[in-house]
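> So here's data-v7.txt, just compact mmCIF, C-alpha atoms and all ligand atoms:
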# COMPACT_ATOMS: atom_id res chain seq x y z
CA MET S 1090 -9.92 18.68 4.00
CA LYS S 1091 -6.39 19.00 2.77
CA ILE S 1092 -4.70 16.31 0.71
CA ALA S 1093 -1.02 16.19 -0.17
CA VAL S 1094 -0.73 14.66 -3.63
CA LEU S 1095 2.66 12.99 -4.18
CA PRO S 1096 2.71 11.24 -7.57
CA GLY S 1097 6.40 10.24 -7.51
CA ASP S 1098 8.05 8.38 -10.38
CA GLY S 1099 7.27 6.09 -13.29
CA ILE S 1100 3.59 5.22 -13.57
CA GLY S 1101 3.03 7.16 -10.31
CA THR S 1102 2.24 10.35 -12.20
CA GLU S 1103 -0.13 8.59 -14.64
CA ILE S 1104 -2.20 6.73 -12.06
CA VAL S 1105 -2.38 9.53 -9.49
CA ALA S 1106 -3.70 11.89 -12.20
CA GLU S 1107 -6.70 9.56 -12.65
CA ALA S 1108 -7.36 9.28 -8.91
CA VAL S 1109 -7.27 13.07 -8.62
CA ARG S 1110 -9.82 13.36 -11.43
CA VAL S 1111 -12.10 10.89 -9.67
CA LEU S 1112 -11.82 12.83 -6.38
CA GLY S 1113 -12.57 15.99 -8.33
CA VAL S 1114 -16.03 14.88 -9.45
CA LEU S 1115 -17.25 14.12 -5.93
CA ASP S 1116 -19.21 16.86 -4.17
CA LEU S 1117 -16.52 17.43 -1.56
CA LYS S 1118 -14.46 20.43 -0.59
CA LEU S 1119 -11.02 18.97 -1.08
CA GLU S 1120 -7.92 21.10 -1.18
CA MET S 1121 -5.30 19.16 -3.14
CA GLU S 1122 -1.69 20.28 -3.34
CA THR S 1123 0.92 18.42 -5.37
CA ALA S 1124 4.62 18.01 -4.50
CA LEU S 1125 7.62 16.08 -5.78
CA VAL S 1126 8.79 12.88 -4.11
CA GLY S 1127 11.20 10.04 -4.89
CA GLY S 1128 13.37 10.15 -7.99
CA ALA S 1129 11.45 13.16 -9.32
CA ALA S 1130 12.35 15.09 -6.14
CA TYR S 1131 15.94 13.85 -6.29
CA GLU S 1132 16.28 15.22 -9.83
CA ALA S 1133 14.88 18.61 -8.84
CA HIS S 1134 16.17 19.05 -5.28
CA GLY S 1135 18.90 16.43 -4.76
CA HIS S 1136 16.82 14.60 -2.14
CA PRO S 1137 13.97 12.05 -2.44
CA LEU S 1138 12.01 13.67 0.41
CA PRO S 1139 12.64 17.44 0.40
CA GLU S 1140 11.70 19.47 3.51
CA SER S 1141 8.91 21.23 1.58
CA THR S 1142 7.31 17.91 0.61
CA LEU S 1143 7.53 16.60 4.16
CA LYS S 1144 6.04 19.84 5.51
CA LEU S 1145 3.11 19.60 3.10
CA ALA S 1146 2.52 15.96 4.10
CA LYS S 1147 2.61 16.82 7.81
CA GLU S 1148 0.11 19.66 7.55
CA SER S 1149 -2.34 17.66 5.40
CA ASP S 1150 -5.14 15.38 6.61
CA ALA S 1151 -3.97 12.68 4.24
CA VAL S 1152 -1.35 11.89 1.64
CA LEU S 1153 -2.22 10.39 -1.73
CA PHE S 1154 0.95 8.71 -2.94
CA GLY S 1155 1.72 7.16 -6.33
CA ALA S 1156 4.96 5.17 -6.42
CA VAL S 1157 8.67 5.84 -6.40
CA GLY S 1158 11.77 4.19 -7.76
CA ASP S 1159 13.58 3.36 -10.94
CA TRP S 1160 16.46 1.06 -11.77
CA LYS S 1161 18.50 4.08 -12.81
CA TYR S 1162 18.77 5.13 -9.13
CA ASP S 1163 20.11 1.76 -7.97
CA LYS S 1164 23.67 3.11 -7.82
CA LEU S 1165 22.85 6.03 -5.49
CA ASP S 1166 23.81 5.87 -1.81
CA ARG S 1167 20.97 4.30 0.18
CA PRO S 1168 19.78 7.59 1.84
CA LEU S 1169 19.32 9.21 -1.58
CA ARG S 1170 17.36 6.39 -3.18
CA PRO S 1171 13.74 7.13 -4.05
CA GLU S 1172 12.43 4.35 -1.77
CA GLN S 1173 13.85 6.25 1.23
CA ALA S 1174 11.07 8.80 0.74
CA ILE S 1175 8.43 6.26 1.80
CA LEU S 1176 10.45 5.26 4.85
CA GLY S 1177 10.92 8.94 5.72
CA LEU S 1178 7.20 9.67 5.39
CA ARG S 1179 6.27 6.64 7.49
CA LYS S 1180 8.71 7.67 10.18
CA ASN S 1181 7.88 11.38 10.25
CA LEU S 1182 4.12 10.88 10.17
CA GLY S 1183 4.27 8.04 12.71
CA LEU S 1184 2.50 5.68 10.31
CA PHE S 1185 2.55 2.30 12.02
CA ALA S 1186 -0.44 0.37 10.70
CA ASN S 1187 -0.50 -0.75 7.09
CA PHE S 1188 -3.88 -1.98 5.83
CA ARG S 1189 -3.88 -4.13 2.73
CA PRO S 1190 -7.30 -5.44 1.85
CA ALA S 1191 -7.25 -8.34 -0.61
CA ILE S 1192 -10.64 -8.38 -2.23
CA CYS S 1193 -11.41 -10.51 -5.23
CA TYR S 1194 -13.87 -8.73 -7.47
CA GLU S 1195 -16.33 -11.17 -8.99
CA GLN S 1196 -15.54 -9.90 -12.50
CA LEU S 1197 -11.86 -10.76 -12.04
CA VAL S 1198 -12.13 -14.23 -10.54
CA GLY S 1199 -10.66 -15.64 -13.74
CA ALA S 1200 -7.60 -13.35 -13.56
CA SER S 1201 -6.23 -15.09 -10.47
CA SER S 1202 -3.78 -17.96 -10.69
CA LEU S 1203 -5.92 -19.86 -8.17
CA LYS S 1204 -9.03 -21.90 -8.86
CA PRO S 1205 -12.18 -19.74 -8.92
CA GLU S 1206 -13.81 -21.59 -6.00
CA LEU S 1207 -10.85 -20.77 -3.76
CA ILE S 1208 -11.02 -17.03 -4.29
CA SER S 1209 -14.57 -16.19 -5.35
CA GLY S 1210 -15.91 -13.85 -2.66
CA LEU S 1211 -12.49 -13.44 -1.05
CA ASP S 1212 -12.31 -10.42 1.27
CA ILE S 1213 -9.43 -10.50 3.74
CA LEU S 1214 -7.51 -7.72 5.43
CA ILE S 1215 -3.80 -7.95 6.11
CA ILE S 1216 -2.54 -5.55 8.76
CA ARG S 1217 1.21 -5.12 8.71
CA GLU S 1218 3.14 -3.37 11.48
CA LEU S 1219 5.33 -0.72 9.88
CA THR S 1220 7.74 0.79 12.38
CA GLY S 1221 9.58 -2.09 14.00
CA ASP S 1222 11.09 -5.47 13.19
CA ILE S 1223 14.27 -6.28 11.36
CA TYR S 1224 13.84 -3.42 8.87
CA PHE S 1225 14.70 -0.81 11.49
CA GLY S 1226 16.41 -2.73 14.31
CA ALA S 1227 19.90 -1.69 15.31
CA PRO S 1228 22.68 -2.70 15.32
CA ARG S 1229 23.11 -3.64 11.70
CA GLY S 1230 26.07 -3.68 9.43
CA ARG S 1231 29.02 -5.62 8.15
CA ARG S 1232 32.06 -6.83 10.04
CA THR S 1233 34.52 -9.64 10.40
CA ALA S 1234 32.99 -12.53 12.28
CA VAL S 1235 34.51 -13.31 15.66
CA ASP S 1236 32.37 -16.40 16.25
CA GLY S 1237 29.71 -18.44 14.41
CA HIS S 1238 30.43 -21.07 11.77
CA PHE S 1239 33.12 -19.07 9.98
CA PRO S 1240 35.18 -16.95 12.40
CA GLY S 1241 37.34 -14.46 10.52
CA ALA S 1242 35.01 -14.34 7.49
CA ASP S 1243 33.10 -11.24 6.30
CA GLU S 1244 29.56 -11.19 7.65
CA ALA S 1245 26.47 -8.99 7.60
CA PHE S 1246 23.80 -8.72 10.30
CA ASP S 1247 20.46 -7.05 11.08
CA THR S 1248 18.51 -6.99 14.32
CA MET S 1249 14.91 -8.11 14.76
CA ARG S 1250 13.29 -5.99 17.41
CA TYR S 1251 9.85 -5.06 18.79
CA SER S 1252 8.88 -3.00 21.82
CA ARG S 1253 5.77 -3.66 23.92
CA PRO S 1254 3.97 -0.43 22.90
CA GLU S 1255 4.59 -1.19 19.21
CA VAL S 1256 3.00 -4.61 19.50
CA GLU S 1257 0.16 -3.40 21.72
CA ARG S 1258 -0.95 -0.61 19.39
CA ILE S 1259 -0.95 -2.76 16.25
CA ALA S 1260 -2.86 -5.48 18.13
CA HIS S 1261 -5.53 -2.95 19.13
CA VAL S 1262 -5.81 -1.79 15.53
CA ALA S 1263 -6.34 -5.39 14.40
CA PHE S 1264 -8.98 -6.23 17.01
CA GLN S 1265 -10.84 -3.00 16.32
CA ALA S 1266 -10.78 -3.66 12.57
CA ALA S 1267 -12.05 -7.20 13.19
CA ARG S 1268 -14.99 -5.85 15.21
CA LYS S 1269 -16.23 -4.14 12.05
CA ARG S 1270 -15.84 -7.36 10.04
CA SER S 1271 -16.34 -11.03 10.88
CA LYS S 1272 -14.68 -10.75 14.31
CA ARG S 1273 -11.71 -13.01 13.70
CA VAL S 1274 -8.02 -12.17 13.99
CA THR S 1275 -5.14 -14.40 12.98
CA SER S 1276 -1.83 -13.25 14.42
CA VAL S 1277 1.08 -14.52 12.35
CA ASP S 1278 4.44 -15.09 14.04
CA LYS S 1279 7.44 -17.37 14.24
CA ALA S 1280 7.26 -17.83 18.00
CA ASN S 1281 8.71 -21.33 17.78
CA VAL S 1282 12.08 -19.95 16.69
CA LEU S 1283 12.26 -16.21 17.36
CA GLU S 1284 12.18 -14.56 20.78
CA THR S 1285 10.86 -11.36 19.18
CA PHE S 1286 7.81 -13.25 17.96
CA GLN S 1287 7.21 -15.17 21.19
CA PHE S 1288 7.02 -11.70 22.78
CA TRP S 1289 4.69 -10.60 19.97
CA LYS S 1290 2.44 -13.61 20.51
CA ASP S 1291 2.28 -13.10 24.30
CA ILE S 1292 1.31 -9.44 23.93
CA VAL S 1293 -1.28 -10.03 21.20
CA THR S 1294 -2.83 -12.70 23.46
CA GLU S 1295 -2.95 -10.23 26.38
CA VAL S 1296 -4.50 -7.46 24.29
CA GLY S 1297 -6.99 -10.00 22.92
CA LYS S 1298 -8.48 -10.43 26.41
CA GLU S 1299 -9.85 -6.89 26.06
CA TYR S 1300 -11.80 -8.06 22.99
CA PRO S 1301 -13.73 -11.13 24.17
CA ASP S 1302 -16.09 -10.75 21.20
CA VAL S 1303 -13.23 -11.28 18.73
CA GLU S 1304 -11.85 -14.75 18.09
CA LEU S 1305 -8.04 -14.87 18.07
CA ASP S 1306 -5.82 -17.55 16.68
CA HIS S 1307 -2.08 -17.74 16.09
CA MET S 1308 -0.29 -19.19 13.11
CA TYR S 1309 3.36 -19.62 12.23
CA VAL S 1310 4.35 -17.62 9.19
CA ASP S 1311 5.39 -20.63 7.11
CA ASN S 1312 2.01 -22.24 7.64
CA ALA S 1313 0.27 -18.91 6.94
CA ALA S 1314 2.10 -18.68 3.60
CA MET S 1315 0.77 -22.12 2.75
CA GLN S 1316 -2.79 -21.56 3.99
CA LEU S 1317 -3.06 -18.31 2.03
CA VAL S 1318 -2.89 -20.24 -1.22
CA LYS S 1319 -4.62 -23.38 0.05
CA ALA S 1320 -7.70 -21.90 1.71
CA PRO S 1321 -7.45 -18.09 1.71
CA LYS S 1322 -11.10 -17.57 2.62
CA LYS S 1323 -10.45 -19.07 6.06
CA PHE S 1324 -8.76 -15.81 7.03
CA ASP S 1325 -10.44 -12.54 7.91
CA VAL S 1326 -8.07 -10.08 9.62
CA VAL S 1327 -4.42 -11.11 9.60
CA VAL S 1328 -2.03 -9.12 11.80
CA THR S 1329 1.71 -9.53 11.59
CA GLY S 1330 5.11 -7.87 11.83
CA ASN S 1331 6.85 -5.70 9.31
CA MET S 1332 8.79 -8.33 7.36
CA PHE S 1333 6.24 -11.16 7.41
CA GLY S 1334 3.57 -8.60 6.49
CA ASP S 1335 5.61 -7.33 3.57
CA ILE S 1336 5.84 -10.82 2.11
CA LEU S 1337 2.38 -12.17 2.97
CA SER S 1338 0.60 -9.07 1.71
CA ASP S 1339 2.23 -9.46 -1.70
CA GLU S 1340 1.25 -13.11 -1.69
CA ALA S 1341 -2.33 -12.22 -0.78
CA ALA S 1342 -2.30 -9.56 -3.49
CA MET S 1343 -1.75 -12.14 -6.17
CA LEU S 1344 -4.80 -14.13 -5.06
CA THR S 1345 -6.94 -11.34 -6.37
CA GLY S 1346 -5.59 -11.26 -9.89
CA SER S 1347 -3.37 -8.23 -10.32
CA ILE S 1348 -1.24 -5.98 -8.20
CA GLY S 1349 -2.76 -3.19 -10.30
CA MET S 1350 -6.01 -3.63 -8.32
CA LEU S 1351 -4.70 -3.39 -4.76
CA PRO S 1352 -4.99 -0.30 -2.61
CA SER S 1353 -3.33 0.28 0.75
CA ALA S 1354 -3.50 2.62 3.71
CA SER S 1355 -0.85 3.43 6.29
CA LEU S 1356 -2.24 5.09 9.39
CA ASN S 1357 -0.97 6.80 12.51
CA SER S 1358 -2.69 7.07 15.89
CA SER S 1359 -4.69 10.14 14.85
CA ASN S 1360 -5.99 8.51 11.66
CA GLN S 1361 -3.84 10.65 9.47
CA GLY S 1362 -2.75 8.40 6.67
CA LEU S 1363 -0.77 7.76 3.54
CA TYR S 1364 -2.70 6.03 0.75
CA GLU S 1365 -0.96 4.31 -2.11
CA PRO S 1366 -1.34 1.41 -4.50
CA SER S 1367 0.47 -1.74 -3.36
CA HIS S 1368 2.57 -1.84 -6.50
CA GLY S 1369 5.70 0.11 -7.41
CA SER S 1370 6.57 2.54 -10.19
CA ALA S 1371 6.57 -0.15 -12.91
CA PRO S 1372 9.41 1.33 -15.00
CA ASP S 1373 8.78 -1.35 -17.64
CA ILE S 1374 5.46 0.26 -18.61
CA ALA S 1375 5.96 3.86 -17.43
CA GLY S 1376 5.08 6.57 -19.94
CA LYS S 1377 3.07 4.19 -22.12
CA GLY S 1378 -0.35 5.08 -20.74
CA VAL S 1379 -1.23 1.45 -20.05
CA ALA S 1380 -0.92 1.20 -16.24
CA ASN S 1381 -3.98 0.19 -14.26
CA PRO S 1382 -5.11 3.22 -12.21
CA LEU S 1383 -7.67 1.27 -10.15
CA ALA S 1384 -5.39 0.47 -7.19
CA THR S 1385 -4.74 4.19 -6.78
CA ILE S 1386 -8.39 5.11 -7.28
CA LEU S 1387 -9.35 2.52 -4.64
CA SER S 1388 -6.63 3.94 -2.36
CA ALA S 1389 -8.32 7.33 -2.70
CA ALA S 1390 -11.55 5.65 -1.57
CA MET S 1391 -9.75 4.26 1.50
CA MET S 1392 -8.47 7.77 2.18
CA LEU S 1393 -12.01 9.15 2.17
CA ARG S 1394 -13.14 6.40 4.54
CA PHE S 1395 -10.28 6.30 7.05
CA SER S 1396 -8.81 9.80 7.19
CA LEU S 1397 -11.52 12.12 5.88
CA ASN S 1398 -14.60 10.49 7.39
CA GLN S 1399 -16.47 10.36 4.07
CA PRO S 1400 -17.70 6.75 3.90
CA GLU S 1401 -20.47 7.51 1.38
CA ALA S 1402 -18.04 9.10 -1.05
CA ALA S 1403 -15.70 6.13 -0.59
CA ALA S 1404 -18.52 3.70 -1.36
CA ARG S 1405 -19.42 5.71 -4.50
CA ILE S 1406 -15.90 5.27 -5.81
CA GLU S 1407 -15.85 1.56 -5.02
CA SER S 1408 -19.16 0.94 -6.71
CA ALA S 1409 -18.05 2.97 -9.74
CA VAL S 1410 -15.00 0.70 -10.05
CA GLN S 1411 -17.23 -2.38 -9.91
CA GLN S 1412 -19.53 -0.94 -12.56
CA VAL S 1413 -16.60 -0.26 -14.86
CA LEU S 1414 -15.31 -3.82 -14.39
CA ALA S 1415 -18.80 -5.18 -15.00
CA SER S 1416 -18.93 -3.21 -18.25
CA GLY S 1417 -15.95 -5.24 -19.45
CA LEU S 1418 -13.23 -2.57 -19.57
CA ARG S 1419 -9.78 -3.86 -18.64
CA THR S 1420 -6.22 -2.54 -18.58
CA GLY S 1421 -3.58 -4.95 -19.85
CA ASP S 1422 -2.77 -6.46 -16.45
CA ILE S 1423 -6.35 -7.71 -15.94
CA TRP S 1424 -7.32 -8.25 -19.57
CA SER S 1425 -8.79 -11.60 -20.59
CA GLU S 1426 -10.50 -12.99 -23.69
CA GLY S 1427 -13.85 -11.28 -24.34
CA THR S 1428 -13.08 -8.05 -22.45
CA LYS S 1429 -12.11 -4.66 -23.88
CA ARG S 1430 -8.53 -3.50 -23.44
CA VAL S 1431 -8.18 0.17 -22.48
CA GLY S 1432 -5.40 2.49 -21.31
CA THR S 1433 -4.91 4.38 -18.06
CA ARG S 1434 -6.77 7.47 -19.21
CA GLU S 1435 -9.78 5.62 -20.62
CA MET S 1436 -10.07 3.61 -17.42
CA GLY S 1437 -10.02 6.86 -15.45
CA ASP S 1438 -12.65 8.36 -17.80
CA ALA S 1439 -14.91 5.37 -17.23
CA VAL S 1440 -14.67 5.60 -13.43
CA VAL S 1441 -15.33 9.34 -13.57
CA ALA S 1442 -18.38 8.72 -15.74
CA ALA S 1443 -19.67 5.94 -13.46
P1 LIG X 1 6.34 -2.98 -9.56
O1 LIG X 1 5.18 -3.16 -8.66
O2 LIG X 1 6.67 -1.60 -9.95
O3 LIG X 1 6.11 -3.84 -10.89
C1 LIG X 1 5.99 -5.26 -10.89
C2 LIG X 1 5.27 -5.71 -12.17
O4 LIG X 1 3.88 -5.37 -12.08
C3 LIG X 1 5.79 -5.02 -13.43
O5 LIG X 1 5.78 -5.93 -14.49
C4 LIG X 1 4.80 -3.91 -13.67
O6 LIG X 1 4.67 -3.55 -15.02
C5 LIG X 1 3.50 -4.51 -13.12
N1 LIG X 1 2.62 -3.47 -12.58
C6 LIG X 1 2.79 -2.80 -11.41
N2 LIG X 1 1.81 -1.90 -11.24
C7 LIG X 1 1.01 -2.00 -12.31
C8 LIG X 1 -0.18 -1.32 -12.73
N3 LIG X 1 -0.74 -0.35 -11.99
N4 LIG X 1 -0.74 -1.68 -13.90
C9 LIG X 1 -0.20 -2.65 -14.64
N5 LIG X 1 0.90 -3.33 -14.31
C10 LIG X 1 1.51 -3.01 -13.17
O7 LIG X 1 7.60 -3.67 -8.83
P2 LIG X 1 9.13 -3.75 -9.30
O8 LIG X 1 9.22 -3.88 -10.78
O9 LIG X 1 9.74 -4.76 -8.44
O10 LIG X 1 9.76 -2.35 -8.85
C11 LIG X 1 9.88 -1.25 -9.73
C12 LIG X 1 10.33 -0.02 -8.92
O11 LIG X 1 9.29 0.34 -7.99
C13 LIG X 1 11.57 -0.29 -8.09
O12 LIG X 1 12.38 0.86 -8.13
C14 LIG X 1 11.02 -0.52 -6.69
O13 LIG X 1 11.94 -0.20 -5.68
C15 LIG X 1 9.85 0.43 -6.68
N6 LIG X 1 8.78 0.08 -5.72
C16 LIG X 1 8.16 1.14 -5.13
C17 LIG X 1 7.11 0.92 -4.26
C18 LIG X 1 6.42 2.13 -3.72
O14 LIG X 1 6.55 3.21 -4.25
N7 LIG X 1 5.63 1.98 -2.66
C19 LIG X 1 6.67 -0.43 -3.91
C20 LIG X 1 7.35 -1.48 -4.64
C21 LIG X 1 8.38 -1.20 -5.50
MG MG X 2 6.61 -5.32 -0.69
Hey, can you dump this file as C-alpha cells for me?


Amino acid sequence: MKIAVLPGDGIGTEIVAEAVRVLGVLDLKLEMETALVGGAAYEAHGHPLPESTLKLAKESDAVLFGAVGDWKYDKLDRPLRPEQAILGLRKNLGLFANFRPAICYEQLVGASSLKPELISGLDILIIRELTGDIYFGAPRGRRTAVDGHFPGADEAFDTMRYSRPEVERIAHVAFQAARKRSKRVTSVDKANVLETFQFWKDIVTEVGKEYPDVELDHMYVDNAAMQLVKAPKKFDVVVTGNMFGDILSDEAAMLTGSIGMLPSASLNSSNQGLYEPSHGSAPDIAGKGVANPLATILSAAMMLRFSLNQPEAAARIESAVQQVLASGLRTGDIWSEGTKRVGTREMGDAVVAA
C-alpha cells in the first residue's frame, strides 16, 4: 500500500508528522513517500504542484495531505498560489466526492458553541460534490456590461454548471453511504431559484428510485443552513453541490467544537483518495507546536478505511483518539477548564501510546 505524504505549508508539516507516526505504529506494510506541495513547492520548484509531486500522487493508493497557503502568497498570480495545488490534485485524480463527517465526541460537547443537548451524539456526514458548480463553470471573467441594471459599468461573472453524469455519480455515492448508516439522505439545493439546482434535484430524485430502502428528502440551502444550527441531529447524510457544500460543511464543522478535530476524504470512482484535515495552514500558529493534529490523524483513519481497506486499523486509530480525549489531554483549540493543555507533539505521543 503506497501513500503519498504531502505536508504542504504552515502547520501542515507539524500535523502530518504526527499522523505519519501514528500510521507507523500499526502493523501494516505501508510505503510512505513525502513530496513538496503548495507554497513549499513554489519556493523550491516555482510551482505549487510540481510534475514529480503529481506523479507520486497518481501512482499512490492514497494521498495524505496537510494544508497549503499563507498570506505571503496572496500577491502571486492565481495559477501559482498554493491553493491551486489542491484544485490540481482534485482535477488530475478525478476526485469528485468530498466526505466531511461531523461527529461530536462526547468529551468535547462543551467545546461547541451550541447547547449540549443539540449536539451530544451528533454524527452526520456531509457529501460535497467537488468537480462542478460555479467554481469551475465557464465562461467567467470581467467585462463591460452590455445589459443588466448598469449597462456600461465594469462587471464580473461566473457560471454555475452541472452535467447529468456529475450529479448522478455523487447521488449514487450519497445513497450508498446512507445504506451503511441510518438510511436517510437530504439533498440540499436552491431549485426554487436556480435552473442548475432544479436539474440537480430532478436527477437526485431519479437516482433515488434505485434505492427504495433509503429515505430521500430535499431542502433549500438557506433552510439547511438554519436547520444545521437549530436541530443538526435531524440530518444523517447531506449531499450537495460544490459551493453549498463548501459553506455548509464549515458550518457543520463548528457544531463539533473545533475545526482542529475534523477530517475529510476526497474520493474518485476507484476509491483512490486524498485525505486531509478540514482546516487550512493556520499561519497564525504555524511553527509554534500548538496545532491540533487530531483532524489529520482522523483523516489517516479515513484513508485506511476508504482507500486501503483496513477498517480494523482505522477503528484502532479512532478509539485511540477517544481514549486520549477521555484522559483529558487537549490542544489549545479544544482546551477547557479542568483539562490538560498539550502541544502538537505531546498529543501525537499520546495517540501513539494509546
Ligand atoms: P485556517 O483553517 O488555516 O485557520 C482558521 C483558524 O483556525 C485560525 O485561527 C487557526 O489558528 C485555527 N486552526 C486551524 N487549524 C487548526 C488546528 N489544527 N489546531 C488549532 N487551531 C487551528 O483558515 P484561514 O486562516 O482562513 O486560512 C489560512 C491559510 O490556509 C490560507 O492561505 C488559506 O487559503 C489556506 N487554506 C488551505 C486549506 C487547505 O489546504 N485545504 C483549506 C482552508 C484554507
Ligand atoms: Mg472551505

> Would you mind listing what lies within 10 Å of Lys1323 in chain S as a ChimeraX atom specification, with only C-alpha atoms counted and same-chain residues fewer than 2 positions away left out?

/S:1207,1211,1213,1273,1275,1316-1317,1319-1321,1325-1326

> Using only C-alpha atoms and all ligand atoms, which of S:Ala1151, S:Ala1200, S:Met1332, S:Ala1130 sits nearest ligand MG 2 (chain X)?

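Among the listed residues, S:Met1332 lies closest to ligand MG 2 (chain X).
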
> What's the 10 Å shell around Gly1432 in chain S, counting only C-alpha atoms, without same-chain residues fewer than 6 positions away, as a PyMOL selection string?

chain S and resi 1377-1382+1418-1421+1438

> If you count all atoms listed in the file, which residues end up within 9 Å of ligand LIG 1 (chain X), as number ranges by chain?

S: 1097-1101, 1104, 1127, 1154-1163, 1170-1172, 1174-1175, 1347-1351, 1365-1375, 1379-1385, 1420-1423, 1433

> As a quick test: using all atoms listed in the file, which residues lie no more than 7 Å away from ligand MG 2 (chain X)? Give them as a PDB file with C-alpha atoms, in the coordinates of the input.


ATOM      1  CA  ASP S1335       5.610  -7.330   3.570  1.00  0.00           C
ATOM      2  CA  ILE S1336       5.840 -10.820   2.110  1.00  0.00           C
ATOM      3  CA  ASP S1339       2.230  -9.460  -1.700  1.00  0.00           C
TER       4      ASP S1339
END

> Using all atoms listed in the file, give me every residue within 9 Å of (-12.6, 2.7, -18.9) in file coordinates, as a ChimeraX atom specification.

/S:1413-1414,1416-1420,1429-1442

> Counting all atoms listed in the file, find residues at most 6 Å from (-5.6, 17.7, 2.8) (file frame) and give them as a PyMOL selection string.

chain S and resi 1090-1093+1120+1149-1151

> Using all atoms of range 1142-1146 of chain S that appear in the file, construct an axis-aligned enclosing box with 5 Å of padding on every side and provide its centre coordinates and edge lengths in Å, rounded to one decimal, as lines of an AutoDock Vina configuration file.


center_x = 5.0
center_y = 17.9
center_z = 3.1
size_x = 15.0
size_y = 13.9
size_z = 14.9

> Counting only C-alpha atoms, give me one row per residue of range 1322-1430 of chain S with an atom at most 10 Å from an atom of range 1279-1297 of chain S, showing the shortest contact pair and its distance in Å to one decimal, sorted by chain then residue number, as JSON lines.


{"residue": "S:Val1328", "atom": "CA", "partner": "S:Val1293", "partner_atom": "CA", "distance": 9.5}
{"residue": "S:Thr1329", "atom": "CA", "partner": "S:Trp1289", "partner_atom": "CA", "distance": 9.0}
{"residue": "S:Gly1330", "atom": "CA", "partner": "S:Phe1286", "partner_atom": "CA", "distance": 8.6}
{"residue": "S:Phe1333", "atom": "CA", "partner": "S:Lys1279", "partner_atom": "CA", "distance": 9.3}

> Using all atoms listed in the file, which protein or nucleic acid residues come within 10 Å of Ser1202 in chain S? Drop anything in the same chain fewer than 6 positions from it, and give the result as a ChimeraX atom specification.

/S:1208,1318,1343-1347

> Looking at all atoms listed in the file, which of S:Asp1247, S:Glu1257, S:Glu1401, S:Glu1340 is the one that sits closest to Phe1225 in chain S?

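Among S:Asp1247, S:Glu1257, S:Glu1401, S:Glu1340, it is S:Asp1247 that comes nearest to Phe1225 in chain S.
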
> Considering only C-alpha atoms, return as a PDB file with C-alpha atoms, in the coordinates of the input whatever protein or nucleic-acid residues lie within 10 Å of Thr1142 in chain S, sequence-local ones (same chain, fewer than 4 positions apart) excluded.


ATOM      1  CA  ALA S1093      -1.020  16.190  -0.170  1.00  0.00           C
ATOM      2  CA  VAL S1094      -0.730  14.660  -3.630  1.00  0.00           C
ATOM      3  CA  LEU S1095       2.660  12.990  -4.180  1.00  0.00           C
ATOM      4  CA  THR S1123       0.920  18.420  -5.370  1.00  0.00           C
ATOM      5  CA  ALA S1124       4.620  18.010  -4.500  1.00  0.00           C
ATOM      6  CA  LEU S1125       7.620  16.080  -5.780  1.00  0.00           C
ATOM      7  CA  VAL S1126       8.790  12.880  -4.110  1.00  0.00           C
ATOM      8  CA  ALA S1130      12.350  15.090  -6.140  1.00  0.00           C
ATOM      9  CA  PRO S1137      13.970  12.050  -2.440  1.00  0.00           C
ATOM     10  CA  LEU S1138      12.010  13.670   0.410  1.00  0.00           C
ATOM     11  CA  ALA S1146       2.520  15.960   4.100  1.00  0.00           C
ATOM     12  CA  LYS S1147       2.610  16.820   7.810  1.00  0.00           C
ATOM     13  CA  ALA S1174      11.070   8.800   0.740  1.00  0.00           C
ATOM     14  CA  LEU S1178       7.200   9.670   5.390  1.00  0.00           C
TER      15      LEU S1178
END

> Name the residues in contact with Leu1115 in chain S at a cut-off of 9 Å, using only C-alpha atoms, excluding same-chain residues fewer than 3 positions from it; report them as a list in words.

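Contacts, with the query itself left out: Val1111, Leu1112, Lys1118, Ala1402, Arg1405 and Ile1406 of chain S.
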
> Between CA of Glu1122 in chain S and CA of Leu1153 in chain S, what is the distance in Å, rounded to a tenth?

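Going from CA of Glu1122 in chain S over to CA of Leu1153 in chain S, I get 10.0 Å.
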
> Which value, in Å to one decimal, gives the distance between CA of Glu1132 in chain S and CA of Ile1386 in chain S?

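It comes out at 26.8 Å.
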
> Rounded to one decimal in Å, what is the spacing between CA of Asn1331 in chain S and CA of Arg1268 in chain S?

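About the pair CA of Asn1331 in chain S and CA of Arg1268 in chain S: they are 22.6 Å apart.
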
> From the structure just shown, export range 1236-1243 of chain S with N, CA and C atoms as a PDB file, in the first residue's frame.


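Written file, selection18.pdb:
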ATOM      1  N   ASP S1236     -25.807  44.844 -20.678  1.00  0.00           N
ATOM      2  CA  ASP S1236     -27.211  44.916 -20.260  1.00  0.00           C
ATOM      3  C   ASP S1236     -27.245  44.879 -18.721  1.00  0.00           C
ATOM      4  N   GLY S1237     -28.325  44.444 -18.128  1.00  0.00           N
ATOM      5  CA  GLY S1237     -28.409  44.405 -16.664  1.00  0.00           C
ATOM      6  C   GLY S1237     -28.781  45.763 -16.105  1.00  0.00           C
ATOM      7  N   HIS S1238     -28.584  45.938 -14.812  1.00  0.00           N
ATOM      8  CA  HIS S1238     -29.009  47.179 -14.153  1.00  0.00           C
ATOM      9  C   HIS S1238     -28.109  48.363 -14.461  1.00  0.00           C
ATOM     10  N   PHE S1239     -26.831  48.073 -14.782  1.00  0.00           N
ATOM     11  CA  PHE S1239     -25.885  49.160 -15.039  1.00  0.00           C
ATOM     12  C   PHE S1239     -25.104  48.946 -16.336  1.00  0.00           C
ATOM     13  N   PRO S1240     -25.766  49.074 -17.485  1.00  0.00           N
ATOM     14  CA  PRO S1240     -25.046  48.927 -18.755  1.00  0.00           C
ATOM     15  C   PRO S1240     -23.874  49.908 -18.807  1.00  0.00           C
ATOM     16  N   GLY S1241     -22.743  49.429 -19.341  1.00  0.00           N
ATOM     17  CA  GLY S1241     -21.573  50.293 -19.447  1.00  0.00           C
ATOM     18  C   GLY S1241     -20.662  50.236 -18.242  1.00  0.00           C
ATOM     19  N   ALA S1242     -21.141  49.639 -17.137  1.00  0.00           N
ATOM     20  CA  ALA S1242     -20.302  49.548 -15.929  1.00  0.00           C
ATOM     21  C   ALA S1242     -19.407  48.316 -16.005  1.00  0.00           C
ATOM     22  N   ASP S1243     -18.305  48.303 -15.219  1.00  0.00           N
ATOM     23  CA  ASP S1243     -17.484  47.091 -15.078  1.00  0.00           C
ATOM     24  C   ASP S1243     -18.336  46.022 -14.414  1.00  0.00           C
TER      25      ASP S1243
END
